[in-house]
Amino acid sequence: MIFIGLDDTDSPESRGTNQLAKALVRTVLCEFPCLRIVRHQLLFDDRIPYTSKNGSASIWLEAAVDDAGMDRLFESVRTAMLADFVDGSDPGLCITADVPDEVVVFGRRCREQIVSADEARAVAARCGIRLDGLGGTCGGVIGALAAVGLAATGDDGRVVQIGGIEDEPGGIQPIATLREIGVRVVDHEANTQLYEGRVDVGKKLRPNLRGGRHVLFVEHSREPAECEWKAVKLT
């Protein structure tokens with residue numbers, strides 16, 4: 001598995017990091033099977049510069065390459081991101097096939113504490129992980145490294161793309177349809193898996209990543225005539 005972490009790649013007027021991740025999967029990463037793209041929520045604090053809600057993204061590629069291949073991959077993504085640079089952004093990029101425990105700990109810290117770009121660079125250097133800032137303050141190195149650390153847990157974030165499925169279903173969906181694309185539907189209150197019925201997934205399907213699986217948590221709908229369940233938004 002190859003993990004790619006991206007953060008702070010946009011401005012209020014531009015497309016977001018999730019959309020950039022999807023574009024990269026379509027273009028420079030198209031030769032590699034994509035398992036998923038995940039949005040990770042970091043600390044939401046006014047002291048932290050962010051575009052909207054301080055989220056970063058991880059891309060999961062089902063591939064194995066040698067060190068030379070990883071260098072080429074890093075340079076390809078780096079070049080594409082530099083070509084897509086948005087004024088006012090502070091992008092960071094991280095790519096690794098090995099995520100040591102120290103990086104996982106760093107990722108979890110970024111959900112709870114303010115950390116510095118120097119800390120991110122120091123962790124990456126100790127762990128031998130490719131990490132680079134690509135413009136502005138380069139503060140995106142923090143979220144980029146955090147994204148791969150959180151991704152490696154298999155238990156964090158909201159899935160914004162499953163495999164090669166770019167057009168996420170929205171609105172009311174049969175649970176059977178969601179199961180067909182690999183999404184488990186779970187009653188959030190009872191913690192039981194559901195197999196039948198309909199779910200209002202919202203504007204776009206955004207299951208959580210839990211235990212390495214795509215899990216959509218739901219609650220009883222207030223309008224059962226339309227559908228029995230409604231998606232619960234969790235980070």
# chains A, B, ... in the order shown; residues from 1 in each chain; ligands from 1
>>> residues_around(residues="A:Met81", least_positions_apart="6", cutoff="12 Å", atoms="only C-alpha atoms", output="mmCIF file with N, CA and C atoms, in the first residue's frame")
data_model
loop_
_atom_site.group_PDB
_atom_site.id
_atom_site.type_symbol
_atom_site.label_atom_id
_atom_site.label_comp_id
_atom_site.auth_asym_id
_atom_site.auth_seq_id
_atom_site.Cartn_x
_atom_site.Cartn_y
_atom_site.Cartn_z
ATOM 1 N N LEU A 6 -2.058 14.942 1.478
ATOM 2 C CA LEU A 6 -2.134 16.299 0.934
ATOM 3 C C LEU A 6 -2.797 17.205 1.965
ATOM 4 N N ASP A 7 -2.338 18.465 2.023
ATOM 5 C CA ASP A 7 -3.021 19.409 2.913
ATOM 6 C C ASP A 7 -2.810 20.838 2.449
ATOM 7 N N ASP A 8 -3.792 21.691 2.794
ATOM 8 C CA ASP A 8 -3.761 23.133 2.571
ATOM 9 C C ASP A 8 -3.397 23.473 1.132
ATOM 10 N N THR A 9 -4.106 22.860 0.207
ATOM 11 C CA THR A 9 -3.797 23.024 -1.211
ATOM 12 C C THR A 9 -4.712 24.020 -1.904
ATOM 13 N N ASP A 10 -5.636 24.648 -1.158
ATOM 14 C CA ASP A 10 -6.640 25.488 -1.800
ATOM 15 C C ASP A 10 -6.751 26.847 -1.126
ATOM 16 N N THR A 17 -9.134 20.404 -1.335
ATOM 17 C CA THR A 17 -8.117 19.354 -1.348
ATOM 18 C C THR A 17 -8.699 18.023 -1.811
ATOM 19 N N LEU A 20 -8.747 18.042 -5.529
ATOM 20 C CA LEU A 20 -7.395 17.893 -6.054
ATOM 21 C C LEU A 20 -6.969 16.436 -5.978
ATOM 22 N N ALA A 21 -7.256 15.774 -4.856
ATOM 23 C CA ALA A 21 -6.905 14.361 -4.705
ATOM 24 C C ALA A 21 -7.557 13.522 -5.796
ATOM 25 N N ALA A 23 -8.515 14.552 -8.750
ATOM 26 C CA ALA A 23 -7.882 14.882 -10.027
ATOM 27 C C ALA A 23 -6.547 14.165 -10.178
ATOM 28 N N LEU A 24 -5.787 14.086 -9.103
ATOM 29 C CA LEU A 24 -4.504 13.381 -9.159
ATOM 30 C C LEU A 24 -4.698 11.900 -9.463
ATOM 31 N N THR A 27 -5.339 11.434 -13.126
ATOM 32 C CA THR A 27 -4.281 11.827 -14.065
ATOM 33 C C THR A 27 -2.946 11.155 -13.750
ATOM 34 N N VAL A 28 -2.139 11.772 -12.926
ATOM 35 C CA VAL A 28 -0.778 11.270 -12.723
ATOM 36 C C VAL A 28 -0.733 9.931 -11.987
ATOM 37 N N PHE A 74 6.749 10.436 -6.274
ATOM 38 C CA PHE A 74 6.745 11.676 -5.501
ATOM 39 C C PHE A 74 6.935 12.876 -6.418
ATOM 40 N N GLU A 75 7.880 12.766 -7.341
ATOM 41 C CA GLU A 75 8.168 13.884 -8.234
ATOM 42 C C GLU A 75 7.006 14.154 -9.186
ATOM 43 N N SER A 89 -2.513 29.591 -0.916
ATOM 44 C CA SER A 89 -2.464 28.258 -0.303
ATOM 45 C C SER A 89 -1.050 27.964 0.192
ATOM 46 N N ASP A 90 -0.941 26.939 1.035
ATOM 47 C CA ASP A 90 0.347 26.563 1.634
ATOM 48 C C ASP A 90 0.502 25.044 1.551
ATOM 49 N N PRO A 91 0.557 24.501 0.347
ATOM 50 C CA PRO A 91 0.440 23.052 0.188
ATOM 51 C C PRO A 91 1.619 22.240 0.715
ATOM 52 N N GLY A 92 1.272 21.030 1.161
ATOM 53 C CA GLY A 92 2.269 20.062 1.580
ATOM 54 C C GLY A 92 1.949 18.713 0.982
ATOM 55 N N LEU A 93 2.984 17.915 0.750
ATOM 56 C CA LEU A 93 2.848 16.593 0.136
ATOM 57 C C LEU A 93 3.682 15.582 0.910
ATOM 58 N N CYS A 94 3.100 14.423 1.152
ATOM 59 C CA CYS A 94 3.801 13.330 1.818
ATOM 60 C C CYS A 94 3.473 12.036 1.096
ATOM 61 N N ASP A 132 7.312 17.305 1.710
ATOM 62 C CA ASP A 132 7.795 18.558 1.131
ATOM 63 C C ASP A 132 6.687 19.606 1.161
ATOM 64 N N GLY A 133 7.084 20.853 1.391
ATOM 65 C CA GLY A 133 6.180 21.981 1.267
ATOM 66 C C GLY A 133 6.318 22.575 -0.121
ATOM 67 N N LEU A 134 5.188 22.955 -0.727
ATOM 68 C CA LEU A 134 5.207 23.313 -2.145
ATOM 69 C C LEU A 134 4.788 24.749 -2.412
ATOM 70 N N GLY A 135 4.906 25.631 -1.429
ATOM 71 C CA GLY A 135 4.580 27.025 -1.676
ATOM 72 C C GLY A 135 3.980 27.699 -0.470
#
>>> select_by_dssp(residues="stretch 32-235 of chain A", states="strand (DSSP E)", output="PyMOL selection string")
chain A and resi 34-41+55-61+92-96+130-133+158-162+172-174+183-187+192-194+198-200+208-210+213-220+229-231
>>> closest_residue(among="A:Leu234, A:Val141, A:Ala68, A:Ile37", to="A:Glu166", atoms="only C-alpha atoms")
A:Ile37
>>> closest_residue(among="A:Asn54, A:Gln193, A:Thr79, A:Thr96", to="A:Ile2", atoms="only C-alpha atoms")
A:Thr96
>>> residues_around(residues="stretch 209-213 of chain A", least_positions_apart="6", cutoff="10 Å", atoms="only C-alpha atoms", output="mmCIF file with N, CA and C atoms, in the first residue's frame")
data_model
loop_
_atom_site.group_PDB
_atom_site.id
_atom_site.type_symbol
_atom_site.label_atom_id
_atom_site.label_comp_id
_atom_site.auth_asym_id
_atom_site.auth_seq_id
_atom_site.Cartn_x
_atom_site.Cartn_y
_atom_site.Cartn_z
ATOM 1 N N ARG A 36 -8.979 4.039 -2.060
ATOM 2 C CA ARG A 36 -9.895 5.047 -1.514
ATOM 3 C C ARG A 36 -9.185 6.383 -1.365
ATOM 4 N N VAL A 38 -9.556 9.583 1.470
ATOM 5 C CA VAL A 38 -10.164 9.843 2.777
ATOM 6 C C VAL A 38 -9.862 11.271 3.225
ATOM 7 N N ARG A 39 -10.887 11.939 3.762
ATOM 8 C CA ARG A 39 -10.691 13.241 4.384
ATOM 9 C C ARG A 39 -10.482 13.038 5.880
ATOM 10 N N HIS A 40 -9.450 13.652 6.416
ATOM 11 C CA HIS A 40 -9.135 13.544 7.841
ATOM 12 C C HIS A 40 -9.326 14.903 8.510
ATOM 13 N N ALA A 151 -4.304 7.762 8.280
ATOM 14 C CA ALA A 151 -4.743 6.749 7.316
ATOM 15 C C ALA A 151 -4.258 5.362 7.722
ATOM 16 N N ALA A 152 -3.033 5.292 8.185
ATOM 17 C CA ALA A 152 -2.445 3.995 8.522
ATOM 18 C C ALA A 152 -3.178 3.289 9.650
ATOM 19 N N THR A 153 -3.942 4.036 10.453
ATOM 20 C CA THR A 153 -4.708 3.390 11.518
ATOM 21 C C THR A 153 -5.888 2.612 10.953
ATOM 22 N N GLY A 154 -6.347 2.996 9.743
ATOM 23 C CA GLY A 154 -7.534 2.361 9.166
ATOM 24 C C GLY A 154 -8.800 2.666 9.932
ATOM 25 N N ASP A 155 -8.743 3.700 10.776
ATOM 26 C CA ASP A 155 -9.848 3.945 11.709
ATOM 27 C C ASP A 155 -10.123 5.434 11.874
ATOM 28 N N ASP A 156 -9.929 6.206 10.798
ATOM 29 C CA ASP A 156 -10.086 7.646 10.923
ATOM 30 C C ASP A 156 -10.577 8.243 9.607
ATOM 31 N N GLY A 157 -11.450 9.209 9.705
ATOM 32 C CA GLY A 157 -11.814 10.012 8.555
ATOM 33 C C GLY A 157 -13.090 9.609 7.851
ATOM 34 N N ARG A 158 -13.442 10.421 6.835
ATOM 35 C CA ARG A 158 -14.617 10.193 6.005
ATOM 36 C C ARG A 158 -14.152 9.893 4.585
ATOM 37 N N VAL A 159 -14.696 8.850 4.002
ATOM 38 C CA VAL A 159 -14.274 8.400 2.672
ATOM 39 C C VAL A 159 -14.958 9.255 1.612
ATOM 40 N N GLY A 182 -19.570 -1.761 -1.302
ATOM 41 C CA GLY A 182 -18.662 -1.998 -0.188
ATOM 42 C C GLY A 182 -18.880 -1.131 1.029
ATOM 43 N N VAL A 183 -20.093 -0.622 1.217
ATOM 44 C CA VAL A 183 -20.383 0.221 2.373
ATOM 45 C C VAL A 183 -21.269 -0.524 3.360
ATOM 46 N N ARG A 184 -20.805 -0.641 4.590
ATOM 47 C CA ARG A 184 -21.627 -1.192 5.659
ATOM 48 C C ARG A 184 -22.500 -0.089 6.240
ATOM 49 N N THR A 235 -16.702 12.463 12.237
ATOM 50 C CA THR A 235 -15.354 12.673 11.686
ATOM 51 C C THR A 235 -14.513 11.431 11.885
#
>>> closest_residue(among="A:Val148, A:Ala122, A:Val160, A:Val201", to="A:Leu178", atoms="only C-alpha atoms")
A:Val201
>>> residues_around(residues="A:Leu194", least_positions_apart="5", cutoff="8 Å", atoms="only C-alpha atoms", output="list in words")
Ile175, Arg184, Val185, Val186 and Asp187 of chain A
>>> atom_distance(atom1="atom CA of A:Arg15", atom2="atom CA of A:Leu61")
22.4 Å
>>> select_by_dssp(residues="stretch 57-104 of chain A", states="helix (DSSP H, G or I)", output="PyMOL selection string")
chain A and resi 67-83+101-104
>>> write_last_selection(atoms="C-alpha atoms", output="mmCIF file, in the first residue's frame")
data_model
loop_
_atom_site.group_PDB
_atom_site.id
_atom_site.type_symbol
_atom_site.label_atom_id
_atom_site.label_comp_id
_atom_site.auth_asym_id
_atom_site.auth_seq_id
_atom_site.Cartn_x
_atom_site.Cartn_y
_atom_site.Cartn_z
ATOM 1 C CA ASP A 67 12.733 3.325 -3.799
ATOM 2 C CA ALA A 68 13.442 4.618 -7.293
ATOM 3 C CA GLY A 69 9.773 4.173 -8.176
ATOM 4 C CA MET A 70 8.721 6.036 -5.046
ATOM 5 C CA ASP A 71 11.038 8.897 -5.976
ATOM 6 C CA ARG A 72 9.475 9.086 -9.439
ATOM 7 C CA LEU A 73 5.978 8.919 -7.982
ATOM 8 C CA PHE A 74 6.745 11.676 -5.501
ATOM 9 C CA GLU A 75 8.168 13.884 -8.234
ATOM 10 C CA SER A 76 5.175 13.265 -10.527
ATOM 11 C CA VAL A 77 2.671 14.264 -7.854
ATOM 12 C CA ARG A 78 4.839 17.170 -6.744
ATOM 13 C CA THR A 79 5.048 18.489 -10.310
ATOM 14 C CA ALA A 80 1.274 18.210 -10.770
ATOM 15 C CA MET A 81 0.606 20.015 -7.502
ATOM 16 C CA LEU A 82 3.033 22.812 -8.351
ATOM 17 C CA ALA A 83 1.307 23.238 -11.713
ATOM 18 C CA ASP A 101 4.261 4.357 14.916
ATOM 19 C CA GLU A 102 5.821 7.790 15.446
ATOM 20 C CA VAL A 103 3.939 9.087 12.394
ATOM 21 C CA VAL A 104 0.668 7.601 13.661
#
>>> atom_distance(atom1="atom CA of A:Leu43", atom2="atom CA of A:Ser56")
10.7 Å
>>> closest_residue(among="A:Leu205, A:Ala146, A:Leu216, A:Ile129", to="A:Val105", atoms="only C-alpha atoms")
A:Ala146
>>> closest_residue(among="A:Ala125, A:Ala64, A:Ala147, A:Ile165", to="A:Gln41", atoms="only C-alpha atoms")
A:Ala147
>>> closest_atom_pairs(of="stretch 133-163 of chain A", to="stretch 31-34 of chain A", cutoff="10 Å", atoms="only C-alpha atoms", output="tab-separated table")
residue	atom	partner	partner_atom	distance
A:Gln161	CA	A:Cys34	CA	9.1
A:Ile162	CA	A:Cys34	CA	8.1
A:Gly163	CA	A:Cys34	CA	5.2
>>> residues_around(residues="A:Phe44", least_positions_apart="5", cutoff="9 Å", atoms="only C-alpha atoms", output="NGL selection string")
:A and (50 or 53-55 or 111-112)
>>> write_last_selection(atoms="C-alpha atoms", output="CSV table (one decimal), in the first residue's frame")
chain,number,residue,atom,x,y,z
A,50,TYR,CA,-6.8,26.9,7.4
A,53,LYS,CA,-12.4,23.4,8.5
A,54,ASN,CA,-8.8,22.2,8.7
A,55,GLY,CA,-9.1,18.9,6.9
A,111,ARG,CA,-6.3,16.1,15.9
A,112,GLU,CA,-5.9,17.4,19.4
